[in-house]
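Each remark here refers to the structure printed beneath this line.
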Amino acid sequence: MSDAAASDVARIAVRKTYKLYIGGAFPRSESGRSYVVTDHKGGFAANAALASRKDARDAVVAARKAFGGWSAATAYNRGQVLYRVAELLEGRRDQFTAEVRAAEGLGARQAAAVVDAAIDRWVWYAGWSDKIAQVRGAANPVAGPYFNFSLPEPSGVVAVIAPQASSLLGFVSVVAPAVVSGNTVVVLASERFPLPAVSLSEVLATSDVPGGVINVLTGRVAEIAPWLASHMDVNAIDLCGASGSVAEDLTVAAAENLKRVVRAGEQDWTLNPGVERMLAYLETKTVWHPVGT
C-alpha cells in the first residue's frame with residue numbers, strides 16, 4: 001500500500017482497558033465481569049472491572065503481605081515515597097484534568113482545580129509522615145526510676161470505601177491519611193466515577209510505592225463492602241463512601257473482630273485536611289525503660 005493510500009485509512013484508536021490493581025499488578029476480575037461506566041452526560045465512557053468477593057480477599061492478602069515492609073520503613077522514607085506519587089500526578093496533570101472533567105461534568109478550570117487540590121493534598125499528607133508521632137506520642141511522667149513512652153503504631157490493613165461523589169480528590173483524601181502512617185489499604189473506588197482512580201493506580205505502579213501497599217478495586221459497594229467489613233484480617237474500615245442502612249450494616253459486620261470504624265459523616269473529606277483521619281488508624285504502644293541503663 002502506498003503512503004498516500006495508507007494516509008486515507010482511518011486510524012482506530014487504542015481503547016484503554018480498565019483493570020483492578022492488586023499486589024502491584026493489574027488483573028481482570030477473577031469473575032470475568034465488567035460494568036459500564038458513563039460520562040456526566042450519560043454516554044458510554046468505558047467498561048470497568050466488576051470486582052468479586054474473591055478479588056477483595058486477594059487484595060486483603062496482598063495488603064497483609066505488604067504491611068510488614070511498609071510499616072517497618074522509616075517515616076522519612078514513607079514521606080519520600082508518597083511525595084513521589086505527587087510528582088507523577090503533577091506530570092500527568094492534563095490527563096487527570098480531562099478524566100475528572102469527563103467523569104464529573106466540570107468546566108476545564110474547575111477540573112484543573114480539583115486535580116491541583118488532589119496533588120496538594122497528597123503532598124500535605126506526605127509531609128506528616130515524620131511528624132505524626134510527635135502529635136500522638138508522648139513521654140509520660142511515672143512514679144519510679146523509669147522512662148515511659150507512648151508510641152503510635154499503624155493498625156494494619158485498612159479497608160476504605162471511597163466517596164461516591166468524587167472521582168479523584170475524594171479518593172486521595174481517604175487513602176493518603178491511611179497509608180502515610182504505615183498502614184496498607186484496600187480501597188473500593190467510587191462506583192459511579194472509578195476511572196480516575198484506576199489511572200491513579202497506574203501512577204502508584206510506576207512510583208516507588210511497594211506493590212500491595214495500596215490496592216484498588218472497582219465495582220459495587222453493595223457487593224464488595226460487606227466482605228471487606230466482615231473480613232477477619234482487616235483491622236480498620238473507612239465507611240466514607242457508604243450511607244444510610246448500608247453504613248449501619250457495615251458497622252455491625254465490622255464488630256466481628258473489633259475493627260476501628262470511621263463512620264460516614266464523622267470526618268468530612270471535603271474540608272481542609274487535619275490529623276484526625278490519620279490518627280484514626282493508629283494504635284498506641286507503651287514502652288517502659290529503666291533510668292540509667
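In the C-alpha cells, chains take letters A, B, ... by order of appearance, with residues numbered from 1 within each chain and ligands from 1 in the order shown.
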Please identify which residues in segment 211-278 of chain A DSSP calls helix (DSSP H, G or I) from the backbone, and express them as a short mmCIF file (atom, residue, chain, number, x, y, z; two decimals) with N, CA, C and O atoms, in the first residue's frame.
data_model
loop_
_atom_site.label_atom_id
_atom_site.label_comp_id
_atom_site.auth_asym_id
_atom_site.auth_seq_id
_atom_site.Cartn_x
_atom_site.Cartn_y
_atom_site.Cartn_z
N VAL A 221 -20.58 -1.24 45.66
CA VAL A 221 -20.44 -1.13 47.10
C VAL A 221 -21.25 -2.22 47.80
O VAL A 221 -20.78 -2.86 48.73
N ALA A 222 -22.47 -2.44 47.33
CA ALA A 222 -23.35 -3.41 47.98
C ALA A 222 -22.80 -4.82 47.91
O ALA A 222 -23.09 -5.65 48.78
N GLU A 223 -21.98 -5.11 46.91
CA GLU A 223 -21.43 -6.46 46.75
C GLU A 223 -20.11 -6.64 47.49
O GLU A 223 -19.90 -7.67 48.14
N ILE A 224 -19.21 -5.66 47.42
CA ILE A 224 -17.85 -5.82 47.95
C ILE A 224 -17.71 -5.36 49.38
O ILE A 224 -17.02 -6.00 50.19
N ALA A 225 -18.35 -4.25 49.74
CA ALA A 225 -18.15 -3.67 51.07
C ALA A 225 -18.47 -4.62 52.22
O ALA A 225 -17.73 -4.67 53.20
N PRO A 226 -19.55 -5.41 52.16
CA PRO A 226 -19.83 -6.32 53.28
C PRO A 226 -18.71 -7.33 53.52
O PRO A 226 -18.43 -7.69 54.68
N TRP A 227 -18.04 -7.78 52.47
CA TRP A 227 -16.95 -8.74 52.63
C TRP A 227 -15.72 -8.09 53.24
O TRP A 227 -15.01 -8.72 54.03
N LEU A 228 -15.47 -6.84 52.88
CA LEU A 228 -14.36 -6.13 53.49
C LEU A 228 -14.64 -5.83 54.96
O LEU A 228 -13.77 -5.94 55.82
N ALA A 229 -15.89 -5.47 55.25
CA ALA A 229 -16.24 -5.13 56.63
C ALA A 229 -16.16 -6.34 57.56
O ALA A 229 -15.77 -6.22 58.72
N SER A 230 -16.49 -7.51 57.06
CA SER A 230 -16.52 -8.71 57.90
C SER A 230 -15.22 -9.51 57.84
O SER A 230 -15.07 -10.49 58.58
N GLY A 244 -26.52 5.59 54.91
CA GLY A 244 -27.80 5.03 55.31
C GLY A 244 -27.69 3.65 55.92
O GLY A 244 -26.81 3.35 56.71
N SER A 245 -28.62 2.79 55.52
CA SER A 245 -28.69 1.45 56.09
C SER A 245 -27.47 0.61 55.72
O SER A 245 -27.07 -0.28 56.47
N VAL A 246 -26.86 0.91 54.56
CA VAL A 246 -25.66 0.17 54.16
C VAL A 246 -24.54 0.42 55.17
O VAL A 246 -23.86 -0.50 55.62
N ALA A 247 -24.33 1.67 55.55
CA ALA A 247 -23.30 2.01 56.52
C ALA A 247 -23.57 1.35 57.87
O ALA A 247 -22.66 0.88 58.55
N GLU A 248 -24.83 1.30 58.26
CA GLU A 248 -25.19 0.67 59.53
C GLU A 248 -24.88 -0.82 59.49
O GLU A 248 -24.34 -1.38 60.45
N ASP A 249 -25.22 -1.48 58.39
CA ASP A 249 -24.94 -2.91 58.27
C ASP A 249 -23.44 -3.18 58.28
O ASP A 249 -22.98 -4.17 58.87
N LEU A 250 -22.67 -2.32 57.63
CA LEU A 250 -21.22 -2.50 57.60
C LEU A 250 -20.61 -2.29 58.98
O LEU A 250 -19.65 -2.98 59.35
N THR A 251 -21.16 -1.37 59.74
CA THR A 251 -20.67 -1.15 61.10
C THR A 251 -20.89 -2.38 61.97
O THR A 251 -20.01 -2.77 62.75
N VAL A 252 -22.04 -3.00 61.82
CA VAL A 252 -22.33 -4.24 62.57
C VAL A 252 -21.38 -5.35 62.14
O VAL A 252 -20.82 -6.08 62.97
N ALA A 253 -21.17 -5.48 60.83
CA ALA A 253 -20.27 -6.53 60.33
C ALA A 253 -18.84 -6.32 60.82
O ALA A 253 -18.12 -7.27 61.11
N ALA A 254 -18.43 -5.07 60.91
CA ALA A 254 -17.07 -4.75 61.34
C ALA A 254 -16.83 -5.10 62.80
O ALA A 254 -15.68 -5.26 63.23
N ALA A 255 -17.89 -5.22 63.58
CA ALA A 255 -17.74 -5.50 65.01
C ALA A 255 -17.30 -6.93 65.28
O ALA A 255 -16.91 -7.25 66.41
N GLU A 256 -17.30 -7.78 64.28
CA GLU A 256 -16.95 -9.17 64.48
C GLU A 256 -15.52 -9.34 64.97
O GLU A 256 -15.22 -10.27 65.72
N ASN A 257 -14.60 -8.49 64.53
CA ASN A 257 -13.22 -8.61 65.03
C ASN A 257 -12.69 -7.27 65.55
O ASN A 257 -11.52 -6.97 65.47
N GLU A 276 -7.00 14.19 62.12
CA GLU A 276 -7.94 13.23 62.70
C GLU A 276 -8.01 11.92 61.94
O GLU A 276 -8.03 10.83 62.52
N ARG A 277 -8.05 12.01 60.61
CA ARG A 277 -8.18 10.78 59.82
C ARG A 277 -6.91 9.93 59.90
O ARG A 277 -6.98 8.71 59.86
N MET A 278 -5.74 10.56 60.05
CA MET A 278 -4.51 9.80 60.25
C MET A 278 -4.51 9.12 61.61
O MET A 278 -4.14 7.95 61.75
#
From a DSSP pass on the backbone, collect the residues of segment 3-44 of chain A flagged as strand (DSSP E) and hand them back as a PyMOL selection string. chain A and resi 34-38+44
Pairwise distance, atom CA of Leu50 of chain A with atom CA of Ala25 of chain A, equals 16.3 Å
Residues at most 9 Å from segment 33-36 of chain A, counting only C-alpha atoms, excluding those fewer than 4 positions away in the same chain, as a PDB file with N, CA and C atoms, in the first residue's frame?
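File written: selection10.pdb
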ATOM      1  N   ARG A  28      -7.578  -8.660  35.713  1.00  0.00           N
ATOM      2  CA  ARG A  28      -9.014  -8.507  35.485  1.00  0.00           C
ATOM      3  C   ARG A  28      -9.729  -9.143  36.672  1.00  0.00           C
ATOM      4  N   SER A  29     -10.988  -8.864  36.834  1.00  0.00           N
ATOM      5  CA  SER A  29     -11.726  -9.530  37.891  1.00  0.00           C
ATOM      6  C   SER A  29     -11.708 -11.037  37.657  1.00  0.00           C
ATOM      7  N   PHE A  44     -21.529   6.438  26.994  1.00  0.00           N
ATOM      8  CA  PHE A  44     -20.573   5.385  27.335  1.00  0.00           C
ATOM      9  C   PHE A  44     -19.169   5.963  27.495  1.00  0.00           C
ATOM     10  N   ALA A  45     -18.511   5.607  28.606  1.00  0.00           N
ATOM     11  CA  ALA A  45     -17.138   6.051  28.838  1.00  0.00           C
ATOM     12  C   ALA A  45     -16.165   4.882  28.758  1.00  0.00           C
ATOM     13  N   ALA A  46     -16.487   3.786  29.413  1.00  0.00           N
ATOM     14  CA  ALA A  46     -15.589   2.628  29.426  1.00  0.00           C
ATOM     15  C   ALA A  46     -16.274   1.479  30.135  1.00  0.00           C
ATOM     16  N   ASN A  47     -15.664   0.317  30.006  1.00  0.00           N
ATOM     17  CA  ASN A  47     -16.050  -0.841  30.802  1.00  0.00           C
ATOM     18  C   ASN A  47     -15.034  -0.986  31.941  1.00  0.00           C
ATOM     19  N   ALA A  48     -15.511  -0.969  33.167  1.00  0.00           N
ATOM     20  CA  ALA A  48     -14.638  -1.132  34.329  1.00  0.00           C
ATOM     21  C   ALA A  48     -14.795  -2.540  34.884  1.00  0.00           C
ATOM     22  N   ALA A  49     -13.733  -3.060  35.468  1.00  0.00           N
ATOM     23  CA  ALA A  49     -13.789  -4.393  36.054  1.00  0.00           C
ATOM     24  C   ALA A  49     -14.773  -4.399  37.221  1.00  0.00           C
ATOM     25  N   LEU A  50     -15.588  -5.428  37.278  1.00  0.00           N
ATOM     26  CA  LEU A  50     -16.555  -5.595  38.362  1.00  0.00           C
ATOM     27  C   LEU A  50     -15.965  -6.586  39.357  1.00  0.00           C
ATOM     28  N   ALA A  51     -15.364  -6.054  40.403  1.00  0.00           N
ATOM     29  CA  ALA A  51     -14.659  -6.900  41.363  1.00  0.00           C
ATOM     30  C   ALA A  51     -15.617  -7.838  42.088  1.00  0.00           C
ATOM     31  N   SER A  52     -15.106  -9.003  42.414  1.00  0.00           N
ATOM     32  CA  SER A  52     -15.872 -10.002  43.157  1.00  0.00           C
ATOM     33  C   SER A  52     -15.349 -10.083  44.584  1.00  0.00           C
ATOM     34  N   GLY A 219     -16.164  -1.559  41.410  1.00  0.00           N
ATOM     35  CA  GLY A 219     -17.341  -2.416  41.418  1.00  0.00           C
ATOM     36  C   GLY A 219     -18.435  -1.863  42.302  1.00  0.00           C
TER      37      GLY A 219
END
Show me, as a ChimeraX atom specification, the residues that have an atom within 12 Å of segment 151-154 of chain A when counting only C-alpha atoms, minus same-chain residues fewer than 6 positions from it. /A:67-68,70-73,75,129-140,177-185,235-236,260,278-288
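Of the listed residues (A:Pro196, A:Leu239, A:Thr270, A:His289), A:Pro196 comes nearest to Tyr18 of chain A; the distances count only C-alpha atoms.
Proximity to Arg92 of chain A was assessed for A:Glu202, A:Asp39, A:Asp55, A:Asp208 counting only C-alpha atoms; the smallest distance is recorded for A:Glu202.
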Within 9 Å of Ile161 of chain A using only C-alpha atoms, minus same-chain residues under 4 positions, as a PyMOL selection string: chain A and resi 171+174+186-190+221+225+237-242
Selection export as a PDB file, in the first residue's frame, atoms kept: N, CA, C and O atoms:
ATOM      1  N   PHE A 171     -10.949  10.242  46.604  1.00  0.00           N
ATOM      2  CA  PHE A 171     -10.120   9.039  46.683  1.00  0.00           C
ATOM      3  C   PHE A 171      -8.810   9.344  47.406  1.00  0.00           C
ATOM      4  O   PHE A 171      -8.429   8.644  48.351  1.00  0.00           O
ATOM      5  N   VAL A 174      -9.043  10.063  51.303  1.00  0.00           N
ATOM      6  CA  VAL A 174      -9.267   8.972  52.268  1.00  0.00           C
ATOM      7  C   VAL A 174      -8.171   7.911  52.222  1.00  0.00           C
ATOM      8  O   VAL A 174      -8.009   7.157  53.186  1.00  0.00           O
ATOM      9  N   VAL A 186      -6.853  -1.417  51.191  1.00  0.00           N
ATOM     10  CA  VAL A 186      -7.693  -1.957  50.114  1.00  0.00           C
ATOM     11  C   VAL A 186      -8.817  -0.952  49.932  1.00  0.00           C
ATOM     12  O   VAL A 186      -9.615  -0.728  50.862  1.00  0.00           O
ATOM     13  N   VAL A 187      -8.878  -0.298  48.779  1.00  0.00           N
ATOM     14  CA  VAL A 187      -9.849   0.766  48.583  1.00  0.00           C
ATOM     15  C   VAL A 187     -10.805   0.413  47.446  1.00  0.00           C
ATOM     16  O   VAL A 187     -10.380  -0.036  46.377  1.00  0.00           O
ATOM     17  N   LEU A 188     -12.085   0.584  47.711  1.00  0.00           N
ATOM     18  CA  LEU A 188     -13.116   0.416  46.694  1.00  0.00           C
ATOM     19  C   LEU A 188     -13.428   1.792  46.134  1.00  0.00           C
ATOM     20  O   LEU A 188     -13.948   2.662  46.841  1.00  0.00           O
ATOM     21  N   ALA A 189     -13.085   2.005  44.869  1.00  0.00           N
ATOM     22  CA  ALA A 189     -13.236   3.320  44.249  1.00  0.00           C
ATOM     23  C   ALA A 189     -14.704   3.676  44.080  1.00  0.00           C
ATOM     24  O   ALA A 189     -15.596   2.821  44.207  1.00  0.00           O
ATOM     25  N   SER A 190     -14.964   4.937  43.798  1.00  0.00           N
ATOM     26  CA  SER A 190     -16.329   5.390  43.543  1.00  0.00           C
ATOM     27  C   SER A 190     -16.977   4.512  42.474  1.00  0.00           C
ATOM     28  O   SER A 190     -16.403   4.291  41.404  1.00  0.00           O
ATOM     29  N   VAL A 221     -20.584  -1.239  45.656  1.00  0.00           N
ATOM     30  CA  VAL A 221     -20.436  -1.132  47.105  1.00  0.00           C
ATOM     31  C   VAL A 221     -21.253  -2.219  47.796  1.00  0.00           C
ATOM     32  O   VAL A 221     -20.782  -2.861  48.735  1.00  0.00           O
ATOM     33  N   ALA A 225     -18.352  -4.247  49.739  1.00  0.00           N
ATOM     34  CA  ALA A 225     -18.152  -3.666  51.071  1.00  0.00           C
ATOM     35  C   ALA A 225     -18.472  -4.623  52.215  1.00  0.00           C
ATOM     36  O   ALA A 225     -17.730  -4.666  53.201  1.00  0.00           O
ATOM     37  N   ILE A 237     -11.762   0.108  59.007  1.00  0.00           N
ATOM     38  CA  ILE A 237     -12.530   0.367  57.799  1.00  0.00           C
ATOM     39  C   ILE A 237     -13.068   1.791  57.826  1.00  0.00           C
ATOM     40  O   ILE A 237     -13.498   2.294  58.864  1.00  0.00           O
ATOM     41  N   ASP A 238     -12.976   2.454  56.680  1.00  0.00           N
ATOM     42  CA  ASP A 238     -13.480   3.806  56.498  1.00  0.00           C
ATOM     43  C   ASP A 238     -14.745   3.710  55.652  1.00  0.00           C
ATOM     44  O   ASP A 238     -14.696   3.287  54.489  1.00  0.00           O
ATOM     45  N   LEU A 239     -15.876   4.094  56.219  1.00  0.00           N
ATOM     46  CA  LEU A 239     -17.168   3.965  55.545  1.00  0.00           C
ATOM     47  C   LEU A 239     -17.585   5.246  54.848  1.00  0.00           C
ATOM     48  O   LEU A 239     -18.770   5.477  54.623  1.00  0.00           O
ATOM     49  N   CYS A 240     -16.619   6.074  54.475  1.00  0.00           N
ATOM     50  CA  CYS A 240     -16.903   7.373  53.881  1.00  0.00           C
ATOM     51  C   CYS A 240     -17.861   7.265  52.696  1.00  0.00           C
ATOM     52  O   CYS A 240     -18.732   8.098  52.519  1.00  0.00           O
ATOM     53  N   GLY A 241     -17.695   6.235  51.883  1.00  0.00           N
ATOM     54  CA  GLY A 241     -18.498   6.103  50.683  1.00  0.00           C
ATOM     55  C   GLY A 241     -19.770   5.305  50.853  1.00  0.00           C
ATOM     56  O   GLY A 241     -20.478   5.050  49.875  1.00  0.00           O
ATOM     57  N   ALA A 242     -20.087   4.917  52.071  1.00  0.00           N
ATOM     58  CA  ALA A 242     -21.326   4.194  52.349  1.00  0.00           C
ATOM     59  C   ALA A 242     -22.280   5.120  53.095  1.00  0.00           C
ATOM     60  O   ALA A 242     -21.858   6.026  53.804  1.00  0.00           O
TER      61      ALA A 242
END
Please determine, counting only C-alpha atoms, which residue among A:Lys259, A:Arg84, A:Arg93, A:Arg101 has the shortest atom-to-atom distance to Lys41 of chain A. A:Arg101
Expressed in Å, the length from atom CA of Lys19 of chain A to atom CA of Val216 of chain A is 9.1 Å
So how many Å separate atom CA of Gln95 of chain A and atom CA of Pro27 of chain A, to one decimal? 22.6 Å
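Remark: for Lys65 of chain A, the closest of the candidate residues A:Ala205, A:Gly79, A:Ile214, A:Ala165 is A:Ile214 (distances computed over only C-alpha atoms).
Using only C-alpha atoms, the nearest neighbour of Gly42 of chain A within the list A:Val291, A:Gly69, A:Ala102, A:Ala13 is A:Ala102.
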Closest to Lys54 of chain A among A:Leu217, A:Ala126, A:Ala103, A:Met232, using only C-alpha atoms? A:Leu217
